[in-house]
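Here is the structure we will look at, set down as structure tokens.
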Amino acid sequence: MVAMYTIFGRQVGSHVLAMATLGTLGAGVVLSLGGSSSKKADASTPPLNAKSKEEESFIKDFVRKAEGEKK
């Protein structure tokens, strides 16, 4: 025998309520853990706050040369 509950004027079995609860919980977990697939910036270097393109290129060249001398 299945326990029946009256919800919105309809008879619903306890097994249906259990499946709906587990399905809703599972869908919520999948959606919350999914995250976004947006591409993130390279976290190994801080962002450049250059005021001009020349300054930005100078900083990038300087860092590139400095890293080349380390290796």
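Labels for the structure tokens follow display order: chains A, B, ..., residues from 1 in each chain, ligands from 1.
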Strand (DSSP E or B) positions in chain A, given as a PyMOL selection string | chain A and resi 4-7+10-13
Output as a PyMOL selection string all residues of chain A that backbone DSSP marks as helix (DSSP H, G or I).
-> chain A and resi 14-34+53-70
Mind dumping the selected residues with N, CA and C atoms as a short mmCIF file (atom, residue, chain, number, x, y, z; two decimals), in the first residue's frame?
```cif
data_model
loop_
_atom_site.label_atom_id
_atom_site.label_comp_id
_atom_site.auth_asym_id
_atom_site.auth_seq_id
_atom_site.Cartn_x
_atom_site.Cartn_y
_atom_site.Cartn_z
N SER A 14 3.00 8.75 -2.14
CA SER A 14 4.21 9.17 -1.44
C SER A 14 5.45 8.90 -2.28
N HIS A 15 5.43 7.85 -3.11
CA HIS A 15 6.59 7.56 -3.95
C HIS A 15 6.77 8.64 -5.02
N VAL A 16 5.68 9.23 -5.50
CA VAL A 16 5.77 10.31 -6.48
C VAL A 16 6.35 11.56 -5.83
N LEU A 17 5.93 11.84 -4.61
CA LEU A 17 6.49 12.99 -3.88
C LEU A 17 7.98 12.80 -3.61
N ALA A 18 8.39 11.59 -3.28
CA ALA A 18 9.81 11.32 -3.02
C ALA A 18 10.63 11.50 -4.30
N MET A 19 10.13 10.99 -5.42
CA MET A 19 10.86 11.14 -6.69
C MET A 19 10.94 12.60 -7.09
N ALA A 20 9.88 13.36 -6.90
CA ALA A 20 9.89 14.78 -7.25
C ALA A 20 10.87 15.55 -6.36
N THR A 21 10.92 15.21 -5.09
CA THR A 21 11.85 15.88 -4.17
C THR A 21 13.29 15.60 -4.56
N LEU A 22 13.62 14.32 -4.83
CA LEU A 22 14.99 13.97 -5.22
C LEU A 22 15.36 14.57 -6.57
N GLY A 23 14.44 14.60 -7.50
CA GLY A 23 14.70 15.20 -8.81
C GLY A 23 14.96 16.69 -8.72
N THR A 24 14.16 17.37 -7.91
CA THR A 24 14.36 18.82 -7.72
C THR A 24 15.68 19.10 -7.04
N LEU A 25 16.02 18.32 -6.04
CA LEU A 25 17.28 18.49 -5.33
C LEU A 25 18.46 18.23 -6.28
N GLY A 26 18.39 17.17 -7.06
CA GLY A 26 19.46 16.85 -8.01
C GLY A 26 19.62 17.94 -9.06
N ALA A 27 18.52 18.45 -9.59
CA ALA A 27 18.59 19.51 -10.60
C ALA A 27 19.19 20.78 -10.00
N GLY A 28 18.85 21.08 -8.76
CA GLY A 28 19.41 22.26 -8.11
C GLY A 28 20.91 22.13 -7.90
N VAL A 29 21.36 20.95 -7.52
CA VAL A 29 22.80 20.72 -7.32
C VAL A 29 23.54 20.85 -8.65
N VAL A 30 23.01 20.25 -9.69
CA VAL A 30 23.67 20.32 -11.00
C VAL A 30 23.75 21.76 -11.49
N LEU A 31 22.69 22.51 -11.34
CA LEU A 31 22.69 23.90 -11.79
C LEU A 31 23.62 24.78 -10.96
N SER A 32 23.67 24.53 -9.67
CA SER A 32 24.51 25.38 -8.82
C SER A 32 25.99 25.06 -8.97
N LEU A 33 26.34 23.82 -9.26
CA LEU A 33 27.74 23.45 -9.41
C LEU A 33 28.23 23.57 -10.84
N GLY A 34 27.34 23.84 -11.77
CA GLY A 34 27.72 23.93 -13.17
C GLY A 34 28.65 25.09 -13.44
N LYS A 53 49.04 52.60 -25.26
CA LYS A 53 49.48 51.37 -25.93
C LYS A 53 51.00 51.22 -25.85
N GLU A 54 51.72 52.33 -25.95
CA GLU A 54 53.18 52.28 -25.90
C GLU A 54 53.65 51.78 -24.53
N GLU A 55 53.01 52.29 -23.48
CA GLU A 55 53.37 51.86 -22.13
C GLU A 55 53.07 50.38 -21.94
N GLU A 56 51.94 49.92 -22.46
CA GLU A 56 51.57 48.52 -22.36
C GLU A 56 52.58 47.63 -23.09
N SER A 57 52.95 48.01 -24.29
CA SER A 57 53.92 47.20 -25.05
C SER A 57 55.29 47.21 -24.36
N PHE A 58 55.69 48.36 -23.78
CA PHE A 58 56.95 48.44 -23.05
C PHE A 58 56.96 47.47 -21.86
N ILE A 59 55.87 47.46 -21.11
CA ILE A 59 55.78 46.58 -19.94
C ILE A 59 55.82 45.12 -20.37
N LYS A 60 55.08 44.77 -21.42
CA LYS A 60 55.08 43.38 -21.89
C LYS A 60 56.45 42.96 -22.38
N ASP A 61 57.14 43.82 -23.13
CA ASP A 61 58.49 43.49 -23.60
C ASP A 61 59.46 43.35 -22.43
N PHE A 62 59.36 44.25 -21.45
CA PHE A 62 60.23 44.20 -20.29
C PHE A 62 60.05 42.89 -19.53
N VAL A 63 58.79 42.49 -19.31
CA VAL A 63 58.51 41.25 -18.58
C VAL A 63 59.01 40.06 -19.38
N ARG A 64 58.79 40.06 -20.69
CA ARG A 64 59.23 38.96 -21.54
C ARG A 64 60.75 38.80 -21.47
N LYS A 65 61.48 39.93 -21.54
CA LYS A 65 62.95 39.89 -21.48
C LYS A 65 63.43 39.45 -20.10
N ALA A 66 62.77 39.93 -19.05
CA ALA A 66 63.16 39.55 -17.69
C ALA A 66 62.94 38.07 -17.43
N GLU A 67 61.87 37.52 -17.95
CA GLU A 67 61.61 36.09 -17.78
C GLU A 67 62.59 35.26 -18.60
N GLY A 68 63.01 35.77 -19.75
CA GLY A 68 63.98 35.07 -20.58
C GLY A 68 65.33 34.97 -19.93
N GLU A 69 65.74 35.98 -19.14
CA GLU A 69 67.03 35.98 -18.48
C GLU A 69 67.05 35.00 -17.30
N LYS A 70 65.90 34.76 -16.67
CA LYS A 70 65.83 33.85 -15.54
C LYS A 70 66.10 32.41 -15.96
#
```
